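**Q** Got a structure for you, questions after.
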Amino acid sequence: MSQQSVSTQCLHAGYAPGSGEPRNIPIVQSTTFRYATGEQMGALFDLEASGYFYTRLQNPTNDQVAAKICALEGGSAAMLTSSGQAASFYAIFNIASCGDHVVCSSSIYGGTYNLFAVTMKRMGVQFTFVDPDCTEEQLNAAFRPETRAVFGETIANPALTVLDIEKFARCAHAHGVPLIVDNTFATPVNCRPFAWGADIVTHSTTKYMDGHANAVGGAIVDSGRFDWTKYPQKFPGLCTPDESYHGVTYTQRFGLEGAYITKATAQLMRDLGAAASPQNTYYLNIGLETLPLRMARHCANGQAVAEFLQNHPKTAWVRYPGLRGDPYYALAQKYLPQGCCGVVSFGVKGGREAAGRFMAGLELASIATHVADAKTCVLHPASTTHRQMSDAELAAAGVSPDLVRLSVGIEDVGDILADLERALAQA
């Protein structure tokens, strides 16, 4: 069959049942798998055979859904993790360790910033944060001899900056390192970063992919295109023998298409254990089947809400890449022509106190530490998800003290607008 559309892949990729087999992906809720001989299991431990022996490393349910997400992104290999935060950590730590350095867009999710700037710094990995709107000259200046990767978000949470993927990829490749892009907000329905030069994609599947706030999860997808073997001194973990796995060299055994994900699974998941639950993965797959339909509704509702807020006398400013005049409108038209997402960031006149009154006046929308699911929810990032950041760090991330992050759901847009109108009247 010819290459299927993303909408069809959301339903069918990753799992092809045979005659008399379950039509839906089964939940393999087992920690362990039985073998007839020790030799058979030994071959699995030596990475000389494919199969399952312990769910922390691999599980059929998880692998089938990972294969679906891999197909959606157009990658060569993928893995699931227990959360999006785990996916971000594994994606970096798989190729950067103590003494290494990463260039990162400053406009990223607060939890990811804290992971990079605080926790991974304690592990000896240094990060330089750059303005996503910097020139190529400024971006190039951030690289060091020990730089091992570049990281950014397709649509930043909650600043809604749109990453110039081609610019970041061009600079990353000029310095011999991969570009890692968190594609959570756009999803592969609206943007496939590999088509623009990215090498690795991550997701918090907790968000739009699951879509119903049912299950925490993450994913990492490798394009299979970055040639690690050209820079063996930068990526010894992939290009030299791994003594913890009987001296296997991942690029030799699994090729460029499989080395990165195999190492992340066999080494990081083995030792750190942030494995996805098969039950959660089953819920994720249910969400994936309707992802294109929901994203279309999220984008339509998000556009309508952004236009409403842009013209409301109680709002100080509105950020949404789908709005003409938005600083990222041109980039959104380039990278996200099908639509952006359902998240709108804005400020309420009167600052933080007025924002609090607005949020308290909402009835349909929930105040929740979540984003990108079917129900409309709202949050004040500066006092919640980004509260660990200083004023300067907040400014660099594009998060002002008055910023309200509105995650527009798939309810009837008239009901959403009525709720906003009522709440703004009380702000």
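Each chain of the structure tokens is named A, B, ... in the order shown, its residues numbered from 1; ligands are numbered from 1 in display order.
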Using only C-alpha atoms, determine which residues lie at most 6 Å from range 67-79 of chain A, disregarding the query and same-chain residues fewer than 2 positions distant; provide the list as a VMD selection string.
**A** chain A and resid 6 13 to 14 64 to 65 188 192 219 to 224 257
**Q** Those same residues - N, CA and C atoms - I'd like them written as a compact mmCIF listing (two decimals), in the first residue's frame.
**A**
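Wrote it out as again31.txt, contents follow:
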```
# COMPACT_ATOMS: atom_id res chain seq x y z
N VAL A 6 -1.68 10.80 7.65
CA VAL A 6 -1.57 10.79 9.10
C VAL A 6 -2.89 10.35 9.74
N ALA A 13 -1.54 2.41 12.04
CA ALA A 13 -0.09 2.19 12.09
C ALA A 13 0.32 1.48 13.37
N GLY A 14 1.37 0.68 13.27
CA GLY A 14 1.97 0.05 14.43
C GLY A 14 1.44 -1.31 14.80
N GLN A 64 4.00 -1.42 20.13
CA GLN A 64 3.07 -1.21 19.03
C GLN A 64 2.61 0.24 18.96
N VAL A 65 2.37 0.86 20.11
CA VAL A 65 1.96 2.26 20.11
C VAL A 65 3.15 3.16 19.78
N PRO A 188 2.20 15.58 15.34
CA PRO A 188 2.52 15.33 13.92
C PRO A 188 1.37 15.62 12.97
N ARG A 192 5.56 18.10 11.25
CA ARG A 192 6.47 16.96 11.34
C ARG A 192 7.90 17.53 11.25
N ALA A 219 7.17 10.17 24.75
CA ALA A 219 7.68 9.42 23.60
C ALA A 219 8.92 10.10 23.06
N ILE A 220 9.82 9.29 22.51
CA ILE A 220 10.99 9.78 21.79
C ILE A 220 11.01 9.09 20.44
N VAL A 221 11.20 9.87 19.38
CA VAL A 221 11.26 9.33 18.02
C VAL A 221 12.58 9.78 17.38
N ASP A 222 13.27 8.83 16.77
CA ASP A 222 14.52 9.13 16.06
C ASP A 222 14.26 9.12 14.57
N SER A 223 14.79 10.12 13.88
CA SER A 223 14.63 10.17 12.42
C SER A 223 15.47 9.11 11.73
N GLY A 224 16.56 8.68 12.38
CA GLY A 224 17.47 7.72 11.77
C GLY A 224 18.39 8.33 10.74
N GLU A 257 19.65 3.87 11.88
CA GLU A 257 18.20 3.88 12.08
C GLU A 257 17.79 3.37 13.46
```
**Q** Give me the residues near Asp373 in chain A as a PDB file with N, CA and C atoms, in the first residue's frame, where near means some atom within 12 Å (using only C-alpha atoms) and where sequence neighbours in that chain fewer than 6 positions away do not count.
**A**
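Once everything was written out, this is part-v4.pdb:
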```
ATOM      1  N   THR A 184       5.163  18.502  21.214  1.00  0.00           N
ATOM      2  CA  THR A 184       3.944  18.204  21.967  1.00  0.00           C
ATOM      3  C   THR A 184       2.750  19.027  21.514  1.00  0.00           C
ATOM      4  N   PHE A 185       2.907  20.352  21.437  1.00  0.00           N
ATOM      5  CA  PHE A 185       1.762  21.210  21.139  1.00  0.00           C
ATOM      6  C   PHE A 185       1.304  21.080  19.689  1.00  0.00           C
ATOM      7  N   SER A 204       5.321  14.953  25.135  1.00  0.00           N
ATOM      8  CA  SER A 204       4.548  14.595  26.310  1.00  0.00           C
ATOM      9  C   SER A 204       3.225  14.067  25.767  1.00  0.00           C
ATOM     10  N   THR A 205       3.084  12.752  25.730  1.00  0.00           N
ATOM     11  CA  THR A 205       1.853  12.166  25.187  1.00  0.00           C
ATOM     12  C   THR A 205       0.674  12.410  26.110  1.00  0.00           C
ATOM     13  N   THR A 206       0.966  12.894  27.322  1.00  0.00           N
ATOM     14  CA  THR A 206      -0.075  13.261  28.283  1.00  0.00           C
ATOM     15  C   THR A 206      -1.021  14.300  27.704  1.00  0.00           C
ATOM     16  N   LYS A 207      -0.512  15.100  26.773  1.00  0.00           N
ATOM     17  CA  LYS A 207      -1.265  16.239  26.268  1.00  0.00           C
ATOM     18  C   LYS A 207      -2.179  15.821  25.113  1.00  0.00           C
ATOM     19  N   TYR A 208      -2.044  16.440  23.941  1.00  0.00           N
ATOM     20  CA  TYR A 208      -2.999  16.212  22.858  1.00  0.00           C
ATOM     21  C   TYR A 208      -3.064  14.759  22.407  1.00  0.00           C
ATOM     22  N   MET A 209      -1.940  14.040  22.429  1.00  0.00           N
ATOM     23  CA  MET A 209      -1.960  12.663  21.930  1.00  0.00           C
ATOM     24  C   MET A 209      -2.929  11.803  22.720  1.00  0.00           C
ATOM     25  N   ASP A 210      -2.841  11.857  24.050  1.00  0.00           N
ATOM     26  CA  ASP A 210      -3.843  11.178  24.870  1.00  0.00           C
ATOM     27  C   ASP A 210      -5.167  11.935  24.778  1.00  0.00           C
ATOM     28  N   GLY A 211      -5.102  13.223  25.063  1.00  0.00           N
ATOM     29  CA  GLY A 211      -6.213  14.112  24.772  1.00  0.00           C
ATOM     30  C   GLY A 211      -7.332  14.176  25.774  1.00  0.00           C
ATOM     31  N   HIS A 212      -7.304  13.310  26.794  1.00  0.00           N
ATOM     32  CA  HIS A 212      -8.430  13.271  27.720  1.00  0.00           C
ATOM     33  C   HIS A 212      -7.998  13.315  29.180  1.00  0.00           C
ATOM     34  N   ALA A 213      -6.728  13.674  29.420  1.00  0.00           N
ATOM     35  CA  ALA A 213      -6.189  13.760  30.786  1.00  0.00           C
ATOM     36  C   ALA A 213      -6.353  12.444  31.532  1.00  0.00           C
ATOM     37  N   ASN A 214      -6.162  11.337  30.810  1.00  0.00           N
ATOM     38  CA  ASN A 214      -6.323  10.012  31.402  1.00  0.00           C
ATOM     39  C   ASN A 214      -5.014   9.366  31.820  1.00  0.00           C
ATOM     40  N   ALA A 215      -3.916   9.669  31.106  1.00  0.00           N
ATOM     41  CA  ALA A 215      -2.699   8.894  31.315  1.00  0.00           C
ATOM     42  C   ALA A 215      -1.459   9.743  31.043  1.00  0.00           C
ATOM     43  N   VAL A 216      -0.544   9.750  32.008  1.00  0.00           N
ATOM     44  CA  VAL A 216       0.732  10.435  31.833  1.00  0.00           C
ATOM     45  C   VAL A 216       1.648   9.561  30.977  1.00  0.00           C
ATOM     46  N   GLY A 287      -6.639   7.659  22.418  1.00  0.00           N
ATOM     47  CA  GLY A 287      -6.561   9.075  22.077  1.00  0.00           C
ATOM     48  C   GLY A 287      -5.974   9.319  20.703  1.00  0.00           C
ATOM     49  N   LEU A 291      -6.957  11.765  17.182  1.00  0.00           N
ATOM     50  CA  LEU A 291      -6.111  12.954  17.246  1.00  0.00           C
ATOM     51  C   LEU A 291      -6.370  13.946  16.111  1.00  0.00           C
ATOM     52  N   ARG A 294      -9.689  15.820  16.758  1.00  0.00           N
ATOM     53  CA  ARG A 294      -9.621  16.731  17.899  1.00  0.00           C
ATOM     54  C   ARG A 294      -8.733  17.931  17.610  1.00  0.00           C
ATOM     55  N   MET A 295      -7.598  17.713  16.938  1.00  0.00           N
ATOM     56  CA  MET A 295      -6.711  18.838  16.655  1.00  0.00           C
ATOM     57  C   MET A 295      -7.387  19.869  15.762  1.00  0.00           C
ATOM     58  N   ARG A 297     -10.544  20.584  15.731  1.00  0.00           N
ATOM     59  CA  ARG A 297     -11.475  21.330  16.584  1.00  0.00           C
ATOM     60  C   ARG A 297     -10.723  22.242  17.552  1.00  0.00           C
ATOM     61  N   HIS A 298      -9.640  21.742  18.142  1.00  0.00           N
ATOM     62  CA  HIS A 298      -8.838  22.575  19.044  1.00  0.00           C
ATOM     63  C   HIS A 298      -8.351  23.828  18.321  1.00  0.00           C
ATOM     64  N   CYS A 341      -2.514  25.135  17.490  1.00  0.00           N
ATOM     65  CA  CYS A 341      -2.923  24.306  18.623  1.00  0.00           C
ATOM     66  C   CYS A 341      -4.126  24.987  19.264  1.00  0.00           C
ATOM     67  N   GLY A 342      -4.520  24.515  20.408  1.00  0.00           N
ATOM     68  CA  GLY A 342      -5.665  25.112  21.081  1.00  0.00           C
ATOM     69  C   GLY A 342      -5.289  25.968  22.268  1.00  0.00           C
ATOM     70  N   VAL A 343      -4.013  26.301  22.389  1.00  0.00           N
ATOM     71  CA  VAL A 343      -3.548  27.070  23.545  1.00  0.00           C
ATOM     72  C   VAL A 343      -3.413  28.541  23.159  1.00  0.00           C
ATOM     73  N   ALA A 365     -14.560  26.519  32.175  1.00  0.00           N
ATOM     74  CA  ALA A 365     -13.126  26.198  32.190  1.00  0.00           C
ATOM     75  C   ALA A 365     -12.663  25.901  33.606  1.00  0.00           C
ATOM     76  N   SER A 366     -11.768  24.924  33.726  1.00  0.00           N
ATOM     77  CA  SER A 366     -11.225  24.525  35.018  1.00  0.00           C
ATOM     78  C   SER A 366      -9.848  25.144  35.235  1.00  0.00           C
ATOM     79  N   LEU A 406      -4.565  29.773  28.477  1.00  0.00           N
ATOM     80  CA  LEU A 406      -5.886  29.189  28.290  1.00  0.00           C
ATOM     81  C   LEU A 406      -5.776  28.034  27.305  1.00  0.00           C
ATOM     82  N   SER A 407      -6.068  26.838  27.767  1.00  0.00           N
ATOM     83  CA  SER A 407      -6.068  25.663  26.901  1.00  0.00           C
ATOM     84  C   SER A 407      -7.496  25.437  26.436  1.00  0.00           C
ATOM     85  N   VAL A 408      -7.748  25.795  25.192  1.00  0.00           N
ATOM     86  CA  VAL A 408      -9.112  25.759  24.658  1.00  0.00           C
ATOM     87  C   VAL A 408      -9.468  24.326  24.274  1.00  0.00           C
ATOM     88  N   GLY A 409     -10.580  23.842  24.808  1.00  0.00           N
ATOM     89  CA  GLY A 409     -11.005  22.468  24.569  1.00  0.00           C
ATOM     90  C   GLY A 409     -11.846  22.327  23.313  1.00  0.00           C
ATOM     91  N   ILE A 410     -12.582  21.235  23.260  1.00  0.00           N
ATOM     92  CA  ILE A 410     -13.392  20.938  22.073  1.00  0.00           C
ATOM     93  C   ILE A 410     -14.879  21.102  22.358  1.00  0.00           C
ATOM     94  N   GLU A 411     -15.202  21.841  23.434  1.00  0.00           N
ATOM     95  CA  GLU A 411     -16.607  22.160  23.676  1.00  0.00           C
ATOM     96  C   GLU A 411     -17.147  23.055  22.560  1.00  0.00           C
TER      97      GLU A 411
END
```
**Q** So how far away is CA of Arg148 in chain A from CA of Leu179 in chain A, in Å?
**A** 9.5 Å
**Q** For the structure I just gave you, how does DSSP split range 211-324 of chain A - specifically, which residues are strand (DSSP E)? Reply as a PyMOL selection string.
**A** chain A and resi 218-222+315-319
**Q** So that I can see what lies close to range 117-124 of chain A, please list as a ChimeraX atom specification the residues with an atom at most 8 Å from it, counting only C-alpha atoms and leaving out residues fewer than 6 positions away in the same chain.
**A** /A:97-100
**Q** Give me a file of those residues, with C-alpha atoms, as a compact mmCIF listing (two decimals), in the first residue's frame.
**A**
```txt
# COMPACT_ATOMS: atom_id res chain seq x y z
CA SER A 97 26.86 13.30 30.03
CA CYS A 98 29.05 14.94 32.67
CA GLY A 99 31.25 17.58 31.05
CA ASP A 100 29.07 17.97 27.96
```
**Q** Check the smallest atom-to-atom distance from each of A:Ile25, A:Ala355, A:Ala374, A:Ala330 to Pro60 in chain A using only C-alpha atoms, then report the winner.
**A**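 Among the listed residues, the smallest separation from Pro60 in chain A belongs to A:Ile25.
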**Q** Fewer than 4 positions away in the same chain doesn't count, so skip those; otherwise give me all residues within 10 Å of Arg56 in chain A, counting only C-alpha atoms, as a list of chain:residue names.
**A**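 Counting only the stated atoms, we get A:Thr31, A:Thr32, A:Tyr52, A:Thr81, A:Thr265, A:Ala266, A:Met269, A:Arg270, A:Asp271, A:Leu272, A:Gly273, A:Ala274, A:Ala275, A:Ala276, A:Ser277.
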**Q** Mind dumping the selected residues with C-alpha atoms as a PDB file, in the first residue's frame?
**A**
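Below is the file that was written, part04.pdb:
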```pdb
ATOM      1  CA  THR A  31       5.946  -7.827  33.994  1.00  0.00           C
ATOM      2  CA  THR A  32       7.686 -10.922  32.656  1.00  0.00           C
ATOM      3  CA  TYR A  52      10.449  -9.598  25.487  1.00  0.00           C
ATOM      4  CA  THR A  81       8.475   6.659  28.554  1.00  0.00           C
ATOM      5  CA  THR A 265      16.089   1.480  25.846  1.00  0.00           C
ATOM      6  CA  ALA A 266      18.845  -1.019  26.639  1.00  0.00           C
ATOM      7  CA  MET A 269      15.548   2.438  30.614  1.00  0.00           C
ATOM      8  CA  ARG A 270      17.400  -0.525  32.088  1.00  0.00           C
ATOM      9  CA  ASP A 271      19.127   1.650  34.694  1.00  0.00           C
ATOM     10  CA  LEU A 272      16.624   4.459  35.322  1.00  0.00           C
ATOM     11  CA  GLY A 273      13.357   2.625  34.735  1.00  0.00           C
ATOM     12  CA  ALA A 274      10.927   5.373  33.647  1.00  0.00           C
ATOM     13  CA  ALA A 275       8.884   2.812  31.718  1.00  0.00           C
ATOM     14  CA  ALA A 276       5.403   3.381  30.346  1.00  0.00           C
ATOM     15  CA  SER A 277       2.557   1.379  31.856  1.00  0.00           C
TER      16      SER A 277
END
```
**Q** Could you give me, as number ranges by chain, each residue of range 12-249 of chain A that DSSP assigns to helix (DSSP H, G or I) when run on this structure's backbone?
**A** A: 12, 38-45, 60-73, 84-93, 110-122, 136-141, 165-174, 187-190, 193-196, 228-230, 236-239, 243-245
**Q** If you count only C-alpha atoms, which residues fall within 9 Å of Asn94 in chain A, apart from same-chain ones fewer than 4 positions away, as a ChimeraX atom specification?
**A** /A:89-90,237-238,260-261,263-264,267-268
**Q** How would the residues just chosen look if you wrote them out with N, CA and C atoms as a PDB file, in the first residue's frame?
**A**
```pdb
ATOM      1  N   PHE A  89      14.437  14.106  29.369  1.00  0.00           N
ATOM      2  CA  PHE A  89      15.678  13.725  30.038  1.00  0.00           C
ATOM      3  C   PHE A  89      16.430  12.652  29.256  1.00  0.00           C
ATOM      4  N   TYR A  90      15.738  11.585  28.883  1.00  0.00           N
ATOM      5  CA  TYR A  90      16.388  10.502  28.139  1.00  0.00           C
ATOM      6  C   TYR A  90      16.941  10.999  26.807  1.00  0.00           C
ATOM      7  N   GLY A 237      29.168   6.912  23.353  1.00  0.00           N
ATOM      8  CA  GLY A 237      28.180   5.945  23.814  1.00  0.00           C
ATOM      9  C   GLY A 237      27.503   5.193  22.693  1.00  0.00           C
ATOM     10  N   LEU A 238      27.464   5.798  21.519  1.00  0.00           N
ATOM     11  CA  LEU A 238      26.851   5.160  20.361  1.00  0.00           C
ATOM     12  C   LEU A 238      27.876   4.520  19.430  1.00  0.00           C
ATOM     13  N   TYR A 260      20.266   4.872  18.260  1.00  0.00           N
ATOM     14  CA  TYR A 260      19.909   5.841  19.311  1.00  0.00           C
ATOM     15  C   TYR A 260      18.818   5.300  20.229  1.00  0.00           C
ATOM     16  N   ILE A 261      17.736   4.787  19.655  1.00  0.00           N
ATOM     17  CA  ILE A 261      16.625   4.295  20.460  1.00  0.00           C
ATOM     18  C   ILE A 261      17.007   2.996  21.175  1.00  0.00           C
ATOM     19  N   LYS A 263      19.975   2.155  22.292  1.00  0.00           N
ATOM     20  CA  LYS A 263      20.787   2.534  23.448  1.00  0.00           C
ATOM     21  C   LYS A 263      19.928   3.127  24.558  1.00  0.00           C
ATOM     22  N   ALA A 264      19.004   4.003  24.204  1.00  0.00           N
ATOM     23  CA  ALA A 264      18.142   4.619  25.212  1.00  0.00           C
ATOM     24  C   ALA A 264      17.311   3.572  25.948  1.00  0.00           C
ATOM     25  N   GLN A 267      20.026   0.789  27.765  1.00  0.00           N
ATOM     26  CA  GLN A 267      20.907   1.339  28.777  1.00  0.00           C
ATOM     27  C   GLN A 267      20.165   2.239  29.762  1.00  0.00           C
ATOM     28  N   LEU A 268      19.500   3.299  29.258  1.00  0.00           N
ATOM     29  CA  LEU A 268      18.853   4.249  30.165  1.00  0.00           C
ATOM     30  C   LEU A 268      17.608   3.664  30.813  1.00  0.00           C
TER      31      LEU A 268
END
```
**Q** To one decimal in Å, tell me the separation between CA of Lys230 in chain A and CA of Ala87 in chain A.
**A** 25.2 Å
**Q** Please provide the set of residues having any atom within 8 Å of Ile367 in chain A, restricted to only C-alpha atoms, with same-chain residues fewer than 4 positions apart removed, written as a ChimeraX atom specification.
**A** /A:359,377-379
**Q** Go ahead and write the selection's residues with C-alpha atoms as a PDB file, in the first residue's frame.
**A**
```pdb
ATOM      1  CA  MET A 359      -9.819  32.757  36.577  1.00  0.00           C
ATOM      2  CA  CYS A 377      -8.655  24.654  31.352  1.00  0.00           C
ATOM      3  CA  VAL A 378      -6.702  27.674  32.507  1.00  0.00           C
ATOM      4  CA  LEU A 379      -3.552  28.382  34.510  1.00  0.00           C
TER       5      LEU A 379
END
```
